[in-house]
Amino acid sequence: MLFELAHITKTFPTAQGRITSLDDVSLSVGEGQAVGLVGESGSGKTTLIRCALLLTQPDGGAVTFDGTSMLGATREQVRQFRRQVQLVFQDPFSSLNPRMTVEELVGEGLVIHGIENSAARRRDSVAEMLTVVGLRPDDMKRYPNSFSGGQRQRIAIARALAIRPRLLVCDEPVSALDVSVQAQVINLLREMQKALGLTILFVAHDLAVVRHLCAHVYVLNRGKIVESGSRDQVFDHPTHPYTQALLAAVPIPDPRRRPPRRQPAPAAS
Amino acid sequence: MNAAPDLAAAEAVEAAAPELLRVEGLSVSLPGGVALVDGVSLTIHRGERVALVGESGSGKSVTAQAVLRLNDRLRIDGRVMLDGRDILSLSEREMAGVRGGRIGLAFQDAMVCLDPIMTVGDQIEESLRIRGVGRAEARRRAIAILTELGVHDAADRLGSYVHEFSGGMRQRVVLAMALVAQPDLLIADEPTTALDVRVQRQVLDLLDQFAANHALSVLLITHDMGIVASFADRVVVMYSGRIVEDASVFDLFERPLHPYTQGLLAAIPRVDRSQDELAAVPGSPVPPALRPSGCAFHPRCAKATEVCRTEVPPLETMGGRRVACHHPATDGVHAV
């Protein structure tokens with residue numbers, strides 16, 4: 001396994017006592033796999049991402065990347081980890097610094113990690129990355145505000161992929177996009193996974209998007225993994241009542257599948 | 001097997017029900033001159049549920065705002081006939097009677113529509129009180145509407161404030177405010193978009209039952225084709241400020257005629273089956289200020305020809321539905 005969370009527990013103090021945000025959560029992502037984590041608001045998705053990226057310390061459990069235990073890792077090990085794990089955020093309007101050009105945004109990781117110190121070669125890398133994500137090398141000199149939402153998310157993906165990470169963590173990366181554009185970004189992530197052998201941990205509330213992108217799925221409810229399995233297993237034969245309820249609630253874009261129209265109820269008085 | 005009675009019901013509505021709202025040639029522009037909505041015409045019959053669908057910048061919310069004259073900075077042309085009377089020519093005072101009276105309004109963001117320092121009961125009762133309904137009667141009707149929207153201990157909750165409510169409960173309050181004066185038409189702009197999927201389903205089911213009970217007409221503004229398929233009788237698709245297609249929900253999903261509608265439907269990932277590749281529409285929706293010449297969709301359209309670049313296609317009626325395209329589908333295109 002490239003990336004593993006084992007028995008992660010995280011609690012927060014509140015005025016009413018400690019609340020448990022994550023309760024014995026285990027999850028593993030194999031090299032080259034796309035793994036989905038589904039959860040509603042308040043399920044603990046964000047806390048899980050924060051623990052996974054070492055942005056917050058869990059109360060208990062283990063985070064292992066490529067065989068190295070990351071809790072209690074040395075500074076150098078953490079630096080290596082940050083180079084190999086990148087994050088794509090939900091909102092491409094707030095995640096890109098509006099005062100940086102696309103070249104600076106996409107090339108920043110190459111500078112920070114000392115991967116490419118020559119400005120000319122860095123520009124070549126950025127140009128190549130932009131082509132990979134479906135933008136033009138000419139776009140380099142522009143600022144994020146001159147791009148649409150879908151293009152901005154491409155920039156964010158190029159920025160994350162520029163330093164050739166092994167694991168890409170996506171936090172609701174398409175939920176702010178229009179439907180016709182959302183499909184472009186999902187297809188791009190799929191292509192990147194295939195072409196670059198990229199490993200993806202995809203965290204989202206949209207079940208259909210997760211089904212489309214991820215071969216393996218975990219369902220998080222109130223801080224606990226209630227169900228996990230292959231895509232078809234979880235979506236076609238859910239066993240946990242929570243997963244069943246969640247799937248039953250998703251409106252299907254096919255009017256032939258809807259129940260008969262409700263009749264007026266007898267007047268209540 | 002579910003489709004048959006439903007289809008019959010939808011057709012019955014179409015055939016028998018009188019017109020409630022008729023929007024004719026509605027154009028809405030900013031003081032600078034850009035047309036956010038460009039010549040929209042649509043009709044809503046009594047008891048009919050029409051979904052107004054579109055992506056960012058399509059003008060779907062602006063259309064709703066213009067119908068209710070909510071933004072007096074916008075220049076509005078055209079006619080909005082409610083029961084045969086043009087409400088765009090009403091005085092501001094008369095219009096205030098229509099808003100929240102004949103036409104109820106519900107918006108997406110409960111935290112914006114609701115007043116944090118007013119009790120929930122006062123907010124729901126307000127639209128009755130300003131119409132001269134007495135305090136006791138207003139309270140009675142507020143309790144009745146909340147109860148019908150699935151709030152079990154409505155009488156006890158009226159003294160609460162919005163922050164004490166969950167997202168789903170807040171959205172019920174927003175709907176209760178819109179519906180308490182027994183409007184003929186509800187305009188709901190993305191009423192469940194901010195909710196988790198299970199709560200969304202509850203709220204949609206409640207709205208569905210309420211609409212059935214009161215023969216309510218609904219103009220549902222949404223970008224979610226799943227919600228459209230499960231709620232609407234008819235769908236009006238907008239792109240860059242114009243209507244591109246208008247058809248019964250069954251016709252639209254089974255046989256979309258406009259390339260944009262086809263692209264939109266093919267781009268939706270499905271939760272009920274595994275797919276290989278999604279057929280993405282290239283490019284992005286254009287904001288009205290950058291609307292291309294001719295058909296606004298032509299830069300993204302695989303079928304576009306010279307005429308698409310130069311001439312705006314008229315919205316033409318064909319076989320009980322309308323489409324604005326120089327090259328509409330004529331074969332049996334199936335998107336689902």
# chains A, B, ... in the order shown; residues from 1 in each chain; ligands from 1
$ closest_atom_pairs --of "chain A" --to "chain B" --cutoff "9 Å" --atoms "only C-alpha atoms" --output "CSV"
residue,atom,partner,partner_atom,distance
A:Glu40,CA,B:Asp196,CA,6.1
A:Ser41,CA,B:Asp196,CA,6.9
A:Ser148,CA,B:Ser284,CA,7.0
A:Gly149,CA,B:Ser284,CA,8.3
A:Gly150,CA,B:Ser284,CA,7.2
A:Gln151,CA,B:Ser284,CA,8.5
A:Leu177,CA,B:Ser56,CA,9.0
A:Asp178,CA,B:Glu55,CA,5.8
A:Val179,CA,B:Ala267,CA,6.7
A:Ser180,CA,B:Val281,CA,5.4
A:Val181,CA,B:Ser284,CA,6.3
A:Gln182,CA,B:Ala280,CA,7.9
A:Ala183,CA,B:Ala280,CA,5.0
A:Gln184,CA,B:Ala280,CA,5.3
A:Val185,CA,B:Ala280,CA,8.9
A:Ile186,CA,B:Leu278,CA,8.1
A:Asn187,CA,B:Leu278,CA,6.8
A:Arg190,CA,B:Glu277,CA,8.9
A:His205,CA,B:Asp196,CA,8.1
A:Asp206,CA,B:Val197,CA,8.6
A:Leu207,CA,B:Val271,CA,6.1
A:Ala208,CA,B:Val271,CA,4.0
A:Val209,CA,B:Pro269,CA,5.8
A:Val210,CA,B:Val271,CA,8.4
A:Arg211,CA,B:Val271,CA,6.3
A:His212,CA,B:Pro269,CA,6.3
A:Arg231,CA,B:Ser274,CA,8.3
A:Asp232,CA,B:Ser274,CA,7.5
A:Phe235,CA,B:Asp272,CA,7.2
A:Asp236,CA,B:Asp272,CA,7.3
A:Ala245,CA,B:Arg198,CA,7.3
A:Leu246,CA,B:Arg198,CA,6.1
A:Leu247,CA,B:Val271,CA,7.7
A:Ala248,CA,B:Arg198,CA,8.4
A:Ala249,CA,B:Arg198,CA,5.3
A:Val250,CA,B:Val197,CA,6.3
A:Pro251,CA,B:Gly226,CA,4.6
A:Ile252,CA,B:Gly226,CA,4.8
A:Pro253,CA,B:Gly226,CA,3.8
A:Asp254,CA,B:Ala229,CA,5.4
A:Pro255,CA,B:Ala229,CA,4.4
A:Arg256,CA,B:Ala3,CA,5.1
A:Arg257,CA,B:Asn2,CA,7.2
A:Arg258,CA,B:Ser230,CA,5.5
A:Pro259,CA,B:Asn2,CA,6.1
A:Pro260,CA,B:Asn2,CA,5.7
A:Arg261,CA,B:Asp6,CA,6.2
A:Arg262,CA,B:Gln209,CA,6.1
A:Gln263,CA,B:Ala212,CA,6.0
A:Pro264,CA,B:Asn213,CA,4.1
A:Ala265,CA,B:Asn213,CA,5.9
A:Pro266,CA,B:Asn213,CA,8.1
A:Ala267,CA,B:Asn213,CA,8.0
A:Ala268,CA,B:Glu148,CA,8.4
A:Ser269,CA,B:Ala144,CA,8.5
$ select_by_dssp --residues "segment 43-101 of chain A" --states "strand (DSSP E)" --output "list of chain:residue names"
A:Gly60, A:Gly61, A:Ala62, A:Val63, A:Thr64, A:Phe65, A:Thr68, A:Ser69, A:Val85, A:Gln86, A:Leu87, A:Val88
$ residues_around --residues "Arg99 of chain A" --least-positions-apart "2" --cutoff "12 Å" --atoms "only C-alpha atoms" --output "list in words"
Ser94, Ser95, Leu96, Asn97, Thr101, Val102, Glu103, Glu104, Leu105, Lys141, Arg142, Tyr143, Pro144, Asn145 and Ser146 of chain A
$ residues_around --residues "segment 22-35 of chain B" --least-positions-apart "6" --cutoff "8 Å" --atoms "only C-alpha atoms" --output "PDB file with C-alpha atoms, in the first residue's frame"
ATOM      1  CA  SER B  41     -40.856  33.484 -23.465  1.00  0.00           C
ATOM      2  CA  LEU B  42     -42.404  30.742 -21.383  1.00  0.00           C
ATOM      3  CA  THR B  43     -45.754  29.683 -19.997  1.00  0.00           C
ATOM      4  CA  ILE B  44     -46.677  27.991 -16.730  1.00  0.00           C
ATOM      5  CA  VAL B  62     -32.226  36.800 -13.337  1.00  0.00           C
ATOM      6  CA  THR B  63     -35.366  35.665 -15.153  1.00  0.00           C
ATOM      7  CA  ALA B  66     -37.285  40.040 -13.289  1.00  0.00           C
ATOM      8  CA  VAL B  67     -40.656  38.272 -13.107  1.00  0.00           C
ATOM      9  CA  ARG B  73     -31.492  48.504 -11.129  1.00  0.00           C
ATOM     10  CA  LEU B  74     -32.279  46.136 -13.969  1.00  0.00           C
ATOM     11  CA  ARG B  75     -33.986  47.313 -17.122  1.00  0.00           C
ATOM     12  CA  ILE B  76     -36.833  44.957 -17.943  1.00  0.00           C
ATOM     13  CA  ASP B  77     -38.600  44.731 -21.299  1.00  0.00           C
ATOM     14  CA  GLY B  78     -41.366  42.406 -22.377  1.00  0.00           C
ATOM     15  CA  ARG B  79     -44.499  41.252 -20.626  1.00  0.00           C
ATOM     16  CA  VAL B  80     -45.182  39.061 -17.609  1.00  0.00           C
ATOM     17  CA  MET B  81     -48.849  38.104 -17.617  1.00  0.00           C
ATOM     18  CA  LEU B  82     -50.302  36.680 -14.424  1.00  0.00           C
ATOM     19  CA  GLY B  84     -53.880  37.700 -18.218  1.00  0.00           C
ATOM     20  CA  GLY B 241     -29.562  34.354 -21.407  1.00  0.00           C
ATOM     21  CA  PRO B 288     -23.659  37.333 -21.193  1.00  0.00           C
ATOM     22  CA  ALA B 289     -21.079  40.096 -21.650  1.00  0.00           C
TER      23      ALA B 289
END
$ atom_distance --atom1 "atom CA of Gln33 of chain A" --atom2 "atom CA of Asp59 of chain A"
27.8 Å
$ closest_atom_pairs --of "segment 145-208 of chain A" --to "segment 9-32 of chain A" --cutoff "12 Å" --atoms "only C-alpha atoms" --output "tab-separated table"
residue	atom	partner	partner_atom	distance
A:Pro165	CA	A:Gly32	CA	11.7
A:Arg166	CA	A:Glu31	CA	8.0
A:Leu167	CA	A:Glu31	CA	8.3
A:Leu168	CA	A:Gly32	CA	10.4
A:Val169	CA	A:Val29	CA	10.8
A:Arg190	CA	A:Gly32	CA	11.0
A:Glu191	CA	A:Gly32	CA	11.9
A:Met192	CA	A:Gly32	CA	10.3
A:Gln193	CA	A:Gly32	CA	6.8
A:Lys194	CA	A:Gly32	CA	7.9
A:Ala195	CA	A:Gly32	CA	10.1
A:Leu196	CA	A:Gly32	CA	8.6
A:Gly197	CA	A:Gly32	CA	5.0
A:Leu198	CA	A:Gly32	CA	5.2
A:Thr199	CA	A:Gly32	CA	4.3
A:Ile200	CA	A:Gly32	CA	7.5
A:Leu201	CA	A:Val29	CA	7.3
A:Phe202	CA	A:Val29	CA	10.5
$ write_last_selection --atoms "C-alpha atoms" --output "PDB file, in the first residue's frame"
ATOM      1  CA  PRO A 165       3.683  13.719  -6.691  1.00  0.00           C
ATOM      2  CA  ARG A 166       2.783  10.078  -6.169  1.00  0.00           C
ATOM      3  CA  LEU A 167      -0.455  10.780  -4.315  1.00  0.00           C
ATOM      4  CA  LEU A 168      -3.021  13.414  -5.213  1.00  0.00           C
ATOM      5  CA  VAL A 169      -5.611  14.187  -2.543  1.00  0.00           C
ATOM      6  CA  ARG A 190      -8.901   9.837 -14.943  1.00  0.00           C
ATOM      7  CA  GLU A 191      -6.430  10.464 -17.743  1.00  0.00           C
ATOM      8  CA  MET A 192      -3.786  11.657 -15.282  1.00  0.00           C
ATOM      9  CA  GLN A 193      -4.292   8.544 -13.217  1.00  0.00           C
ATOM     10  CA  LYS A 194      -3.777   6.325 -16.256  1.00  0.00           C
ATOM     11  CA  ALA A 195      -1.046   8.298 -18.011  1.00  0.00           C
ATOM     12  CA  LEU A 196       1.085   9.189 -14.983  1.00  0.00           C
ATOM     13  CA  GLY A 197       0.278   6.179 -12.803  1.00  0.00           C
ATOM     14  CA  LEU A 198      -1.024   8.688 -10.304  1.00  0.00           C
ATOM     15  CA  THR A 199      -2.614   7.564  -7.057  1.00  0.00           C
ATOM     16  CA  ILE A 200      -5.726   9.518  -6.086  1.00  0.00           C
ATOM     17  CA  LEU A 201      -7.611   9.889  -2.828  1.00  0.00           C
ATOM     18  CA  PHE A 202     -10.848  11.552  -3.857  1.00  0.00           C
TER      19      PHE A 202
END
$ atom_distance --atom1 "atom CA of Arg69 of chain B" --atom2 "atom CA of Thr261 of chain B"
28.7 Å
$ select_by_dssp --residues "segment 100-231 of chain B" --states "helix (DSSP H, G or I)" --output "ChimeraX atom specification"
/B:110-113,120-129,135-148,154-157,162-164,167-179,197-214,225-231
$ residues_around --residues "Leu114 of chain B" --least-positions-apart "3" --cutoff "12 Å" --atoms "only C-alpha atoms" --output "number ranges by chain"
B: 106-111, 117-124, 126, 161-163, 165, 167, 169-178
$ closest_residue --among "B:Leu128, B:Ala188, B:Ala51, B:Leu88" --to "Asp72 of chain B" --atoms "only C-alpha atoms"
B:Leu88
$ residues_around --residues "His240 of chain A" --least-positions-apart "3" --cutoff "12 Å" --atoms "only C-alpha atoms" --output "list of chain:residue names"
A:Tyr218, A:Val219, A:Leu220, A:Asn221, A:Ile225, A:Val226, A:Glu227, A:Ser228, A:Gly229, A:Gln233, A:Val234, A:Phe235, A:His237, A:Thr243, A:Gln244, A:Ala245, A:Leu246, A:Leu247
$ write_last_selection --atoms "C-alpha atoms" --output "PDB file, in the first residue's frame"
ATOM      1  CA  TYR A 218     -15.154   4.169   1.636  1.00  0.00           C
ATOM      2  CA  VAL A 219     -18.295   5.596   3.242  1.00  0.00           C
ATOM      3  CA  LEU A 220     -17.772   7.861   6.230  1.00  0.00           C
ATOM      4  CA  ASN A 221     -20.635   8.621   8.610  1.00  0.00           C
ATOM      5  CA  ILE A 225     -16.167   4.133   8.158  1.00  0.00           C
ATOM      6  CA  VAL A 226     -19.484   2.310   7.870  1.00  0.00           C
ATOM      7  CA  GLU A 227     -18.828   0.548   4.590  1.00  0.00           C
ATOM      8  CA  SER A 228     -16.051  -0.010   2.091  1.00  0.00           C
ATOM      9  CA  GLY A 229     -15.543  -2.090  -0.993  1.00  0.00           C
ATOM     10  CA  GLN A 233     -20.108  -3.671  -4.550  1.00  0.00           C
ATOM     11  CA  VAL A 234     -20.768  -0.469  -2.612  1.00  0.00           C
ATOM     12  CA  PHE A 235     -23.031   1.175  -5.185  1.00  0.00           C
ATOM     13  CA  HIS A 237     -25.098  -3.946  -3.284  1.00  0.00           C
ATOM     14  CA  THR A 243     -25.117   3.673   2.564  1.00  0.00           C
ATOM     15  CA  GLN A 244     -28.470   2.342   1.421  1.00  0.00           C
ATOM     16  CA  ALA A 245     -30.255   5.479   2.637  1.00  0.00           C
ATOM     17  CA  LEU A 246     -27.668   7.713   1.027  1.00  0.00           C
ATOM     18  CA  LEU A 247     -27.932   5.988  -2.348  1.00  0.00           C
TER      19      LEU A 247
END
$ residues_around --residues "Leu315 of chain B" --least-positions-apart "3" --cutoff "8 Å" --atoms "only C-alpha atoms" --output "number ranges by chain"
B: 243-245, 322-325
$ closest_residue --among "B:Arg309, B:Arg255, B:Arg234, B:His327" --to "Val53 of chain B" --atoms "only C-alpha atoms"
B:Arg234
$ closest_residue --among "B:Leu257, B:Val312, B:Val237, B:Leu220" --to "Pro191 of chain B" --atoms "only C-alpha atoms"
B:Leu220
$ atom_distance --atom1 "atom CA of Ala6 of chain A" --atom2 "atom CA of Tyr242 of chain A"
22.3 Å
